[in-house]
Amino acid sequence: MLKLAIVGRPNVGKSTLFNRLAGKKLAIVDDRPGVTRDRRFGTGRLGDIDLEIIDTAGFEDVTDESLEARMRQQTELAVAEARLILFVMDAREGVVPLDELFAGVLRRSGKPVIVVANKTEGRAGDSGALEAFNLGFGEPVSISAEHGEGMSDLYAAVLSAMPDEDEFDDRDGPDRGEKPIRIAVVGRPNAGKSTLVNRLIGEERLLTGPEAGITRDAVSVDWDWDGRRIRLVDTAGLRRKARIDEKLEKLSTQDTLRSLTFAEVVILVMDATHPFETQDLTIADLVEREGRALVFVLAKWDLVEDPGARLKAFIEKAEEMLPQLRGAPVVALSAETGRGLDRLMPAVIKAHADWSTKIKTRDLNDWLKIAVERHPPPAVNGRRVKAKYMAQTKARPPTFVLFASRADKLPESYRRYLINSIRQSFDLPGTPIRISVKSGKNPYDEEITDPAKAFQTRRRNARLATK
């Protein structure tokens with residue numbers, strides 16, 4: 001079990017995150033700062049990681065005999081006993097001096113630290129999350145603890161930062177340095193998911209049969225493929241919500257969706273005799289919105305006539321029905337006979353590599369210059385939006401920020417053009433890509449930067465108007 005401390009200045013959402021990870025409301029949450037005073041302990045889970053969680057009081061810059069100083073001592077004790085620190089900051093307020101002061105304290109502790117940029121729902125804290133890079137702990141994780149957004153990104157960050165012995169035991173083989181690629185196998189009931197997993201690992205690990213709905217729990221299977229560590233998760237079949245009646249099936253569906261959220265690559269298995277039905281499209285769209293890499297599998301391929309023409313038609317239909325996933329790999333196979341199975345894992349590894357891509361800033365801005373020259377941003381109300389600079393803020397999935405004048409006026413169609421151009425130029429077919437658009441700080445917007453200066457400016461302008 002991983003012991004994890006949640007720390008930060010007052011009122012940034014530490015207790016909300018604590019409750020989220022614990023799965024129940026153990027800590028009192030209120031908008032007033034300073035509600036939490038003592039350390040609070042709880043247990044919880046993040047994906048498949050068991051956690052011992054420590055909630056702490058807001059960090060204050062005091063060292064006297066006051067209550068705040070004693071609360072700070074409690075926070076420092078939590079840092080000392082934890083194995084991993086979640087340093088929470090308020091992304092809507094950005095990095096403040098107290099955050100920077102506390103960052104220095106955490107650096108001196110020598111513990112691994114993950115910066116969590118909280119309150120980013122609805123892109124409200126994107127700019128503040130970018131500021132968090134300056135704290136010196138690497139890439140921040142953007143979440144909304146209140147709404148449960150970004151938990152899969154937090155899971156990936158915790159998995160990368162935690163010591164290997166916390167996740168694996170000696171049964172997992174001699175290679176301790178590499179984390180497994182987490183793959184969720186999803187699809188409609190009776191599409192052939194369990195049969196596919198059994199065929200991949202070479203044993204009858206999972207129960208299969210002609211009956212739909214045999215698998216109820218998400219079942220994790222560790223496996224080695226070509227020297228790579230793989231964690232396969234077979235899941236219960238997903239049906240349309242209107243057809244889910246039994247309580248047990250609802251729980252199975254929730255377990256499947258949770259597995260999908262915490263996966264890195266999702267294999268969407270479809271019955272080749274009836275592919276791309278409404279539920280298949282719904283699952284694929286959910287995978288893209290969750291930002292996971294996706295590989296389509298057309299199972300039961302041995303039952304298909306004229307396979308060459310059918311495969312071409314399937315690919316065209318996928319690109320037509322799911323343009324946001326254009327280029328995602330489609331693998332036709334038969335788990336019963338093994339035909340086409342050798343093409344699946346190379347496609348998965350390629351999708352995972354594309355999903356993890358980091359592009360050099362120089363190459364990105366060389367591409368941006370060419371893309372803008374080829375297709376300039378449109379003029380809005382007679383004034384053109386000017387793209388200035390682009391940077392990649394994270395991978396998995398590739399996420400970028402574009403700095404532009406009049407950023408709020410950039411049409412969504414132009415954002416889609418940039419995403420498709422990135423996919424084509426950097427060979428990232430089917431990869432979910434995120435682009436946020438930001439304006440630089442307006443030095444003339446004094447009402448935001450300095451209210452006193454804004455008052456003086458209004459008085460000066462009033463005097464000039466009367467002359």
# chains A, B, ... in the order shown; residues from 1 in each chain; ligands from 1

$ residues_around --residues "segment 330-346 of chain A" --least-positions-apart "2" --cutoff "6 Å" --atoms "only C-alpha atoms" --output "list in words"
Leu196, Phe296, Val297, Leu298, Ala299, Lys300, Trp301, Asp302, Val348 and Ile349 of chain A

$ residues_around --residues "Ala132 of chain A" --least-positions-apart "6" --cutoff "12 Å" --atoms "only C-alpha atoms" --output "PyMOL selection string"
chain A and resi 87-97+99-100+103+114-118+125-126+138-142+393

$ atom_distance --atom1 "atom CA of Gln424 of chain A" --atom2 "atom CA of Ala129 of chain A"
28.0 Å

$ residues_around --residues "Leu106 of chain A" --least-positions-apart "6" --cutoff "10 Å" --atoms "only C-alpha atoms" --output "tab-separated table (two decimals) with all heavy atoms, in the first residue's frame"
chain	number	residue	atom	x	y	z
A	7	VAL	N	-0.83	17.79	0.34
A	7	VAL	CA	-0.39	19.01	1.01
A	7	VAL	C	-0.63	20.22	0.11
A	7	VAL	O	-0.87	20.09	-1.09
A	7	VAL	CB	1.11	18.94	1.39
A	7	VAL	CG1	1.39	17.72	2.27
A	7	VAL	CG2	1.99	18.89	0.14
A	76	GLU	N	4.31	19.06	8.17
A	76	GLU	CA	5.69	18.61	7.98
A	76	GLU	C	5.87	17.18	8.43
A	76	GLU	O	6.64	16.41	7.83
A	76	GLU	CB	6.64	19.56	8.71
A	76	GLU	CG	6.70	20.94	8.07
A	76	GLU	CD	7.51	21.94	8.89
A	76	GLU	OE1	7.68	21.70	10.09
A	76	GLU	OE2	7.94	22.96	8.31
A	79	VAL	N	4.58	15.00	5.63
A	79	VAL	CA	5.57	14.93	4.54
A	79	VAL	C	6.67	13.94	4.90
A	79	VAL	O	7.12	13.14	4.06
A	79	VAL	CB	6.16	16.32	4.26
A	79	VAL	CG1	7.35	16.22	3.31
A	79	VAL	CG2	5.09	17.24	3.67
A	80	ALA	N	7.11	13.95	6.16
A	80	ALA	CA	8.21	13.09	6.59
A	80	ALA	C	7.84	11.61	6.52
A	80	ALA	O	8.68	10.77	6.17
A	80	ALA	CB	8.63	13.46	8.01
A	85	ILE	N	4.27	12.64	-2.32
A	85	ILE	CA	3.58	13.87	-1.95
A	85	ILE	C	2.75	14.37	-3.13
A	85	ILE	O	3.27	14.50	-4.24
A	85	ILE	CB	4.57	14.98	-1.53
A	85	ILE	CG1	5.62	14.44	-0.53
A	85	ILE	CG2	3.84	16.18	-0.97
A	85	ILE	CD1	5.04	13.93	0.75
A	87	PHE	N	1.23	17.72	-4.13
A	87	PHE	CA	1.29	19.14	-3.81
A	87	PHE	C	0.18	19.83	-4.58
A	87	PHE	O	0.27	20.03	-5.78
A	87	PHE	CB	2.68	19.68	-4.19
A	87	PHE	CG	2.88	21.14	-3.94
A	87	PHE	CD1	2.05	21.88	-3.12
A	87	PHE	CD2	3.96	21.81	-4.53
A	87	PHE	CE1	2.26	23.23	-2.89
A	87	PHE	CE2	4.18	23.15	-4.31
A	87	PHE	CZ	3.32	23.86	-3.49
A	100	GLU	N	5.27	28.95	-3.80
A	100	GLU	CA	6.70	28.90	-4.07
A	100	GLU	C	7.50	28.62	-2.80
A	100	GLU	O	8.49	27.86	-2.82
A	100	GLU	CB	7.15	30.21	-4.71
A	100	GLU	CG	6.52	30.46	-6.09
A	100	GLU	CD	6.83	31.82	-6.65
A	100	GLU	OE1	7.25	32.70	-5.86
A	100	GLU	OE2	6.65	32.02	-7.87
A	112	PRO	N	9.57	12.26	-3.44
A	112	PRO	CA	8.99	12.51	-4.77
A	112	PRO	C	7.70	13.32	-4.65
A	112	PRO	O	6.87	13.05	-3.77
A	112	PRO	CB	8.72	11.10	-5.31
A	112	PRO	CG	8.68	10.21	-4.11
A	112	PRO	CD	9.59	10.83	-3.10
A	113	VAL	N	7.55	14.33	-5.50
A	113	VAL	CA	6.44	15.27	-5.43
A	113	VAL	C	5.73	15.33	-6.78
A	113	VAL	O	6.38	15.44	-7.82
A	113	VAL	CB	6.91	16.68	-5.02
A	113	VAL	CG1	5.75	17.67	-5.04
A	113	VAL	CG2	7.57	16.64	-3.63
A	137	PHE	N	8.83	20.87	-10.19
A	137	PHE	CA	8.57	19.45	-9.95
A	137	PHE	C	8.11	18.73	-11.22
A	137	PHE	O	7.47	17.68	-11.15
A	137	PHE	CB	7.52	19.27	-8.85
A	137	PHE	CG	7.96	19.77	-7.50
A	137	PHE	CD1	7.39	20.90	-6.94
A	137	PHE	CD2	8.98	19.13	-6.81
A	137	PHE	CE1	7.79	21.36	-5.70
A	137	PHE	CE2	9.40	19.59	-5.58
A	137	PHE	CZ	8.81	20.71	-5.02

$ residues_around --residues "Ile181 of chain A" --least-positions-apart "2" --cutoff "12 Å" --atoms "only C-alpha atoms" --output "JSON, numbers by chain"
{"A": [156, 159, 160, 178, 179, 183, 184, 221, 222, 223, 224, 225, 227, 228, 229, 230, 231, 232, 233, 262, 263, 264, 265, 266, 293, 345, 348, 349, 350, 351, 352, 353, 355, 356]}

$ write_last_selection --atoms "N, CA and C atoms" --output "mmCIF file, in the first residue's frame"
data_model
loop_
_atom_site.group_PDB
_atom_site.id
_atom_site.type_symbol
_atom_site.label_atom_id
_atom_site.label_comp_id
_atom_site.auth_asym_id
_atom_site.auth_seq_id
_atom_site.Cartn_x
_atom_site.Cartn_y
_atom_site.Cartn_z
ATOM 1 N N ALA A 156 -1.773 7.961 -13.723
ATOM 2 C CA ALA A 156 -0.552 7.745 -14.508
ATOM 3 C C ALA A 156 0.647 8.406 -13.844
ATOM 4 N N LEU A 159 1.598 6.380 -10.725
ATOM 5 C CA LEU A 159 2.206 5.109 -11.136
ATOM 6 C C LEU A 159 3.650 5.316 -11.575
ATOM 7 N N SER A 160 3.928 6.446 -12.251
ATOM 8 C CA SER A 160 5.291 6.725 -12.711
ATOM 9 C C SER A 160 6.210 7.122 -11.563
ATOM 10 N N GLU A 178 10.687 -1.324 -15.692
ATOM 11 C CA GLU A 178 9.710 -0.920 -16.699
ATOM 12 C C GLU A 178 8.287 -1.105 -16.180
ATOM 13 N N LYS A 179 7.487 -0.059 -16.306
ATOM 14 C CA LYS A 179 6.074 -0.164 -15.941
ATOM 15 C C LYS A 179 5.333 -0.881 -17.074
ATOM 16 N N ILE A 183 -3.623 -2.096 -20.861
ATOM 17 C CA ILE A 183 -4.506 -2.249 -22.015
ATOM 18 C C ILE A 183 -5.864 -2.755 -21.545
ATOM 19 N N ALA A 184 -6.917 -2.032 -21.857
ATOM 20 C CA ALA A 184 -8.284 -2.475 -21.561
ATOM 21 C C ALA A 184 -8.909 -3.034 -22.826
ATOM 22 N N VAL A 221 -4.755 -9.294 -16.177
ATOM 23 C CA VAL A 221 -3.826 -10.380 -16.489
ATOM 24 C C VAL A 221 -2.482 -9.761 -16.856
ATOM 25 N N ASP A 222 -1.420 -10.105 -16.110
ATOM 26 C CA ASP A 222 -0.074 -9.634 -16.441
ATOM 27 C C ASP A 222 0.571 -10.590 -17.433
ATOM 28 N N TRP A 223 1.303 -10.022 -18.380
ATOM 29 C CA TRP A 223 1.778 -10.801 -19.525
ATOM 30 C C TRP A 223 3.016 -10.126 -20.088
ATOM 31 N N ASP A 224 3.919 -10.906 -20.678
ATOM 32 C CA ASP A 224 5.089 -10.367 -21.369
ATOM 33 C C ASP A 224 4.930 -10.602 -22.864
ATOM 34 N N TRP A 225 5.165 -9.565 -23.638
ATOM 35 C CA TRP A 225 5.123 -9.688 -25.097
ATOM 36 C C TRP A 225 6.381 -9.060 -25.684
ATOM 37 N N GLY A 227 9.372 -8.979 -24.825
ATOM 38 C CA GLY A 227 10.188 -8.253 -23.865
ATOM 39 C C GLY A 227 9.508 -7.067 -23.204
ATOM 40 N N ARG A 228 8.266 -6.785 -23.569
ATOM 41 C CA ARG A 228 7.526 -5.669 -22.980
ATOM 42 C C ARG A 228 6.543 -6.205 -21.950
ATOM 43 N N ARG A 229 6.428 -5.503 -20.828
ATOM 44 C CA ARG A 229 5.464 -5.892 -19.798
ATOM 45 C C ARG A 229 4.093 -5.321 -20.163
ATOM 46 N N ILE A 230 3.100 -6.171 -20.126
ATOM 47 C CA ILE A 230 1.740 -5.812 -20.521
ATOM 48 C C ILE A 230 0.789 -6.171 -19.381
ATOM 49 N N ARG A 231 -0.169 -5.307 -19.105
ATOM 50 C CA ARG A 231 -1.253 -5.631 -18.193
ATOM 51 C C ARG A 231 -2.561 -5.540 -18.975
ATOM 52 N N LEU A 232 -3.122 -6.709 -19.273
ATOM 53 C CA LEU A 232 -4.378 -6.792 -20.025
ATOM 54 C C LEU A 232 -5.546 -6.812 -19.045
ATOM 55 N N VAL A 233 -6.562 -6.039 -19.321
ATOM 56 C CA VAL A 233 -7.760 -6.033 -18.489
ATOM 57 C C VAL A 233 -8.950 -6.399 -19.367
ATOM 58 N N PHE A 262 -8.661 4.201 -16.676
ATOM 59 C CA PHE A 262 -7.302 4.065 -16.174
ATOM 60 C C PHE A 262 -6.397 3.276 -17.117
ATOM 61 N N ALA A 263 -6.879 2.964 -18.304
ATOM 62 C CA ALA A 263 -6.038 2.296 -19.294
ATOM 63 C C ALA A 263 -5.175 3.311 -20.032
ATOM 64 N N GLU A 264 -4.165 2.809 -20.727
ATOM 65 C CA GLU A 264 -3.363 3.640 -21.628
ATOM 66 C C GLU A 264 -3.795 3.405 -23.077
ATOM 67 N N VAL A 265 -4.009 2.142 -23.416
ATOM 68 C CA VAL A 265 -4.504 1.782 -24.750
ATOM 69 C C VAL A 265 -5.791 0.982 -24.566
ATOM 70 N N VAL A 266 -6.790 1.274 -25.388
ATOM 71 C CA VAL A 266 -8.055 0.540 -25.358
ATOM 72 C C VAL A 266 -8.191 -0.232 -26.666
ATOM 73 N N ALA A 293 -5.455 6.004 -26.063
ATOM 74 C CA ALA A 293 -5.137 5.493 -27.396
ATOM 75 C C ALA A 293 -6.115 4.362 -27.727
ATOM 76 N N MET A 345 -0.575 -6.762 -31.578
ATOM 77 C CA MET A 345 0.313 -6.129 -30.613
ATOM 78 C C MET A 345 1.241 -5.076 -31.233
ATOM 79 N N VAL A 348 -0.847 -2.066 -31.256
ATOM 80 C CA VAL A 348 -1.019 -1.532 -29.904
ATOM 81 C C VAL A 348 0.225 -0.765 -29.466
ATOM 82 N N ILE A 349 1.398 -1.326 -29.680
ATOM 83 C CA ILE A 349 2.653 -0.668 -29.276
ATOM 84 C C ILE A 349 2.838 0.640 -30.032
ATOM 85 N N LYS A 350 2.502 0.654 -31.324
ATOM 86 C CA LYS A 350 2.610 1.890 -32.112
ATOM 87 C C LYS A 350 1.632 2.943 -31.584
ATOM 88 N N ALA A 351 0.395 2.523 -31.291
ATOM 89 C CA ALA A 351 -0.593 3.467 -30.758
ATOM 90 C C ALA A 351 -0.132 4.035 -29.424
ATOM 91 N N HIS A 352 0.457 3.188 -28.580
ATOM 92 C CA HIS A 352 0.955 3.649 -27.271
ATOM 93 C C HIS A 352 2.110 4.628 -27.448
ATOM 94 N N ALA A 353 3.015 4.350 -28.390
ATOM 95 C CA ALA A 353 4.143 5.253 -28.633
ATOM 96 C C ALA A 353 3.660 6.605 -29.150
ATOM 97 N N TRP A 355 0.735 7.943 -28.609
ATOM 98 C CA TRP A 355 0.020 8.566 -27.485
ATOM 99 C C TRP A 355 0.993 9.211 -26.496
ATOM 100 N N SER A 356 2.215 8.665 -26.414
ATOM 101 C CA SER A 356 3.231 9.166 -25.477
ATOM 102 C C SER A 356 4.181 10.173 -26.118
#

$ residues_around --residues "Arg289 of chain A" --least-positions-apart "5" --cutoff "10 Å" --atoms "only C-alpha atoms" --output "PDB file with N, CA, C and O atoms, in the first residue's frame"
ATOM      1  N   THR A 261     -11.061   4.145 -18.124  1.00  0.00           N
ATOM      2  CA  THR A 261     -10.499   5.432 -17.716  1.00  0.00           C
ATOM      3  C   THR A 261      -9.038   5.313 -17.326  1.00  0.00           C
ATOM      4  O   THR A 261      -8.229   6.204 -17.614  1.00  0.00           O
ATOM      5  N   ILE A 283     -18.799   3.744 -27.558  1.00  0.00           N
ATOM      6  CA  ILE A 283     -17.602   3.372 -26.794  1.00  0.00           C
ATOM      7  C   ILE A 283     -16.377   4.072 -27.369  1.00  0.00           C
ATOM      8  O   ILE A 283     -15.544   4.617 -26.636  1.00  0.00           O
ATOM      9  N   ALA A 284     -16.242   4.077 -28.705  1.00  0.00           N
ATOM     10  CA  ALA A 284     -15.091   4.721 -29.334  1.00  0.00           C
ATOM     11  C   ALA A 284     -15.041   6.211 -29.022  1.00  0.00           C
ATOM     12  O   ALA A 284     -13.974   6.773 -28.733  1.00  0.00           O
ATOM     13  N   GLN A 324     -12.989  12.200 -35.513  1.00  0.00           N
ATOM     14  CA  GLN A 324     -12.048  12.607 -34.473  1.00  0.00           C
ATOM     15  C   GLN A 324     -11.003  11.532 -34.191  1.00  0.00           C
ATOM     16  O   GLN A 324     -10.019  11.784 -33.497  1.00  0.00           O
ATOM     17  N   PRO A 432      -5.593  10.803 -29.822  1.00  0.00           N
ATOM     18  CA  PRO A 432      -6.308  11.960 -29.264  1.00  0.00           C
ATOM     19  C   PRO A 432      -5.327  13.113 -29.037  1.00  0.00           C
ATOM     20  O   PRO A 432      -4.255  12.917 -28.457  1.00  0.00           O
TER      21      PRO A 432
END

$ residues_around --residues "Glu81 of chain A" --least-positions-apart "5" --cutoff "10 Å" --atoms "only C-alpha atoms" --output "PDB file with all heavy atoms, in the first residue's frame"
ATOM      1  N   LYS A   3       1.744   4.996   0.836  1.00  0.00           N
ATOM      2  CA  LYS A   3       1.370   6.073   1.753  1.00  0.00           C
ATOM      3  C   LYS A   3       1.587   7.405   1.051  1.00  0.00           C
ATOM      4  O   LYS A   3       2.697   7.731   0.631  1.00  0.00           O
ATOM      5  CB  LYS A   3       2.193   6.016   3.036  1.00  0.00           C
ATOM      6  CG  LYS A   3       1.784   7.072   4.062  1.00  0.00           C
ATOM      7  CD  LYS A   3       2.528   6.913   5.377  1.00  0.00           C
ATOM      8  CE  LYS A   3       1.927   5.800   6.203  1.00  0.00           C
ATOM      9  NZ  LYS A   3       2.482   5.762   7.589  1.00  0.00           N
ATOM     10  N   LEU A   4       0.533   8.173   0.940  1.00  0.00           N
ATOM     11  CA  LEU A   4       0.521   9.380   0.112  1.00  0.00           C
ATOM     12  C   LEU A   4      -0.007  10.547   0.941  1.00  0.00           C
ATOM     13  O   LEU A   4      -1.051  10.425   1.583  1.00  0.00           O
ATOM     14  CB  LEU A   4      -0.345   9.103  -1.108  1.00  0.00           C
ATOM     15  CG  LEU A   4      -0.571  10.163  -2.169  1.00  0.00           C
ATOM     16  CD1 LEU A   4      -0.789   9.470  -3.510  1.00  0.00           C
ATOM     17  CD2 LEU A   4      -1.797  10.997  -1.840  1.00  0.00           C
ATOM     18  N   ALA A   5       0.726  11.674   0.954  1.00  0.00           N
ATOM     19  CA  ALA A   5       0.290  12.873   1.679  1.00  0.00           C
ATOM     20  C   ALA A   5      -0.210  13.922   0.702  1.00  0.00           C
ATOM     21  O   ALA A   5       0.417  14.176  -0.337  1.00  0.00           O
ATOM     22  CB  ALA A   5       1.436  13.446   2.506  1.00  0.00           C
ATOM     23  N   ILE A  54      -3.046  10.701   3.593  1.00  0.00           N
ATOM     24  CA  ILE A  54      -2.958  11.637   4.712  1.00  0.00           C
ATOM     25  C   ILE A  54      -3.428  13.002   4.224  1.00  0.00           C
ATOM     26  O   ILE A  54      -2.823  13.588   3.317  1.00  0.00           O
ATOM     27  CB  ILE A  54      -1.518  11.757   5.258  1.00  0.00           C
ATOM     28  CG1 ILE A  54      -0.886  10.390   5.483  1.00  0.00           C
ATOM     29  CG2 ILE A  54      -1.518  12.573   6.548  1.00  0.00           C
ATOM     30  CD1 ILE A  54       0.575  10.449   5.879  1.00  0.00           C
ATOM     31  N   GLU A  76       4.308  19.062   8.168  1.00  0.00           N
ATOM     32  CA  GLU A  76       5.687  18.614   7.977  1.00  0.00           C
ATOM     33  C   GLU A  76       5.869  17.175   8.433  1.00  0.00           C
ATOM     34  O   GLU A  76       6.643  16.415   7.835  1.00  0.00           O
ATOM     35  CB  GLU A  76       6.638  19.561   8.712  1.00  0.00           C
ATOM     36  CG  GLU A  76       6.703  20.943   8.066  1.00  0.00           C
ATOM     37  CD  GLU A  76       7.505  21.942   8.891  1.00  0.00           C
ATOM     38  OE1 GLU A  76       7.684  21.702  10.094  1.00  0.00           O
ATOM     39  OE2 GLU A  76       7.938  22.964   8.314  1.00  0.00           O
ATOM     40  N   LYS A 111      11.530  13.990  -0.905  1.00  0.00           N
ATOM     41  CA  LYS A 111      10.484  13.033  -1.291  1.00  0.00           C
ATOM     42  C   LYS A 111      10.014  13.314  -2.731  1.00  0.00           C
ATOM     43  O   LYS A 111      10.043  14.458  -3.183  1.00  0.00           O
ATOM     44  CB  LYS A 111       9.281  13.156  -0.342  1.00  0.00           C
ATOM     45  CG  LYS A 111       9.604  12.825   1.108  1.00  0.00           C
ATOM     46  CD  LYS A 111       9.960  11.358   1.265  1.00  0.00           C
ATOM     47  CE  LYS A 111      10.279  10.993   2.709  1.00  0.00           C
ATOM     48  NZ  LYS A 111       9.092  10.986   3.560  1.00  0.00           N
TER      49      LYS A 111
END

$ select_by_dssp --residues "segment 191-425 of chain A" --states "strand (DSSP E)" --output "PDB file with C-alpha atoms, in the first residue's frame"
ATOM      1  CA  VAL A 219     -10.084  -9.157 -14.805  1.00  0.00           C
ATOM      2  CA  SER A 220      -6.423  -8.080 -14.891  1.00  0.00           C
ATOM      3  CA  VAL A 221      -3.826 -10.380 -16.489  1.00  0.00           C
ATOM      4  CA  ASP A 222      -0.074  -9.634 -16.441  1.00  0.00           C
ATOM      5  CA  TRP A 223       1.778 -10.801 -19.525  1.00  0.00           C
ATOM      6  CA  ASP A 224       5.089 -10.367 -21.369  1.00  0.00           C
ATOM      7  CA  TRP A 225       5.123  -9.688 -25.097  1.00  0.00           C
ATOM      8  CA  ARG A 228       7.526  -5.669 -22.980  1.00  0.00           C
ATOM      9  CA  ARG A 229       5.464  -5.892 -19.798  1.00  0.00           C
ATOM     10  CA  ILE A 230       1.740  -5.812 -20.521  1.00  0.00           C
ATOM     11  CA  ARG A 231      -1.253  -5.631 -18.193  1.00  0.00           C
ATOM     12  CA  LEU A 232      -4.378  -6.792 -20.025  1.00  0.00           C
ATOM     13  CA  VAL A 233      -7.760  -6.033 -18.489  1.00  0.00           C
ATOM     14  CA  ASP A 234     -10.699  -8.030 -19.828  1.00  0.00           C
ATOM     15  CA  VAL A 265      -4.504   1.782 -24.750  1.00  0.00           C
ATOM     16  CA  VAL A 266      -8.055   0.540 -25.358  1.00  0.00           C
ATOM     17  CA  ILE A 267      -8.712  -2.375 -27.704  1.00  0.00           C
ATOM     18  CA  LEU A 268     -12.298  -2.044 -28.941  1.00  0.00           C
ATOM     19  CA  VAL A 269     -13.393  -5.521 -30.017  1.00  0.00           C
ATOM     20  CA  MET A 270     -16.232  -5.668 -32.541  1.00  0.00           C
ATOM     21  CA  ASP A 271     -17.956  -8.651 -34.088  1.00  0.00           C
ATOM     22  CA  ALA A 293      -5.137   5.493 -27.396  1.00  0.00           C
ATOM     23  CA  LEU A 294      -7.501   3.268 -29.406  1.00  0.00           C
ATOM     24  CA  VAL A 295      -7.107   0.163 -31.579  1.00  0.00           C
ATOM     25  CA  PHE A 296     -10.138  -1.269 -33.406  1.00  0.00           C
ATOM     26  CA  VAL A 297     -10.315  -5.066 -33.605  1.00  0.00           C
ATOM     27  CA  LEU A 298     -12.650  -6.827 -36.024  1.00  0.00           C
ATOM     28  CA  ALA A 299     -13.008 -10.225 -34.357  1.00  0.00           C
ATOM     29  CA  VAL A 330      -8.020  -1.397 -37.544  1.00  0.00           C
ATOM     30  CA  VAL A 331      -6.895  -5.017 -37.068  1.00  0.00           C
ATOM     31  CA  ALA A 332      -8.944  -7.866 -38.529  1.00  0.00           C
ATOM     32  CA  ALA A 379     -10.836  37.125 -39.586  1.00  0.00           C
ATOM     33  CA  VAL A 380     -13.543  37.677 -36.976  1.00  0.00           C
ATOM     34  CA  ARG A 383      -9.830  41.475 -37.356  1.00  0.00           C
ATOM     35  CA  ARG A 384      -7.648  38.414 -37.866  1.00  0.00           C
ATOM     36  CA  ALA A 387      -1.151  32.693 -33.925  1.00  0.00           C
ATOM     37  CA  LYS A 388       2.126  33.516 -32.145  1.00  0.00           C
ATOM     38  CA  TYR A 389       3.657  30.499 -30.460  1.00  0.00           C
ATOM     39  CA  MET A 390       2.897  26.898 -29.480  1.00  0.00           C
ATOM     40  CA  ALA A 391       4.256  24.580 -26.793  1.00  0.00           C
ATOM     41  CA  GLN A 392       3.491  21.027 -25.721  1.00  0.00           C
ATOM     42  CA  THR A 393       2.425  20.955 -22.073  1.00  0.00           C
ATOM     43  CA  LYS A 394       2.129  17.171 -21.664  1.00  0.00           C
ATOM     44  CA  THR A 399      -1.563  18.264 -25.259  1.00  0.00           C
ATOM     45  CA  PHE A 400      -0.585  21.685 -26.590  1.00  0.00           C
ATOM     46  CA  VAL A 401      -1.184  25.341 -25.810  1.00  0.00           C
ATOM     47  CA  LEU A 402      -1.346  27.898 -28.621  1.00  0.00           C
ATOM     48  CA  PHE A 403      -0.689  31.511 -27.711  1.00  0.00           C
ATOM     49  CA  ALA A 404      -2.584  33.831 -30.013  1.00  0.00           C
TER      50      ALA A 404
END

$ atom_distance --atom1 "atom CA of Lys317 of chain A" --atom2 "atom CA of Leu303 of chain A"
19.5 Å

$ closest_residue --among "A:Ala309, A:Leu84, A:Leu418, A:Ile315" --to "Met162 of chain A" --atoms "only C-alpha atoms"
A:Leu84

$ closest_residue --among "A:Gly47, A:Pro398, A:Gly23, A:Gly58" --to "Asn11 of chain A" --atoms "only C-alpha atoms"
A:Gly58

$ atom_distance --atom1 "atom CA of Pro323 of chain A" --atom2 "atom CA of Glu277 of chain A"
15.9 Å
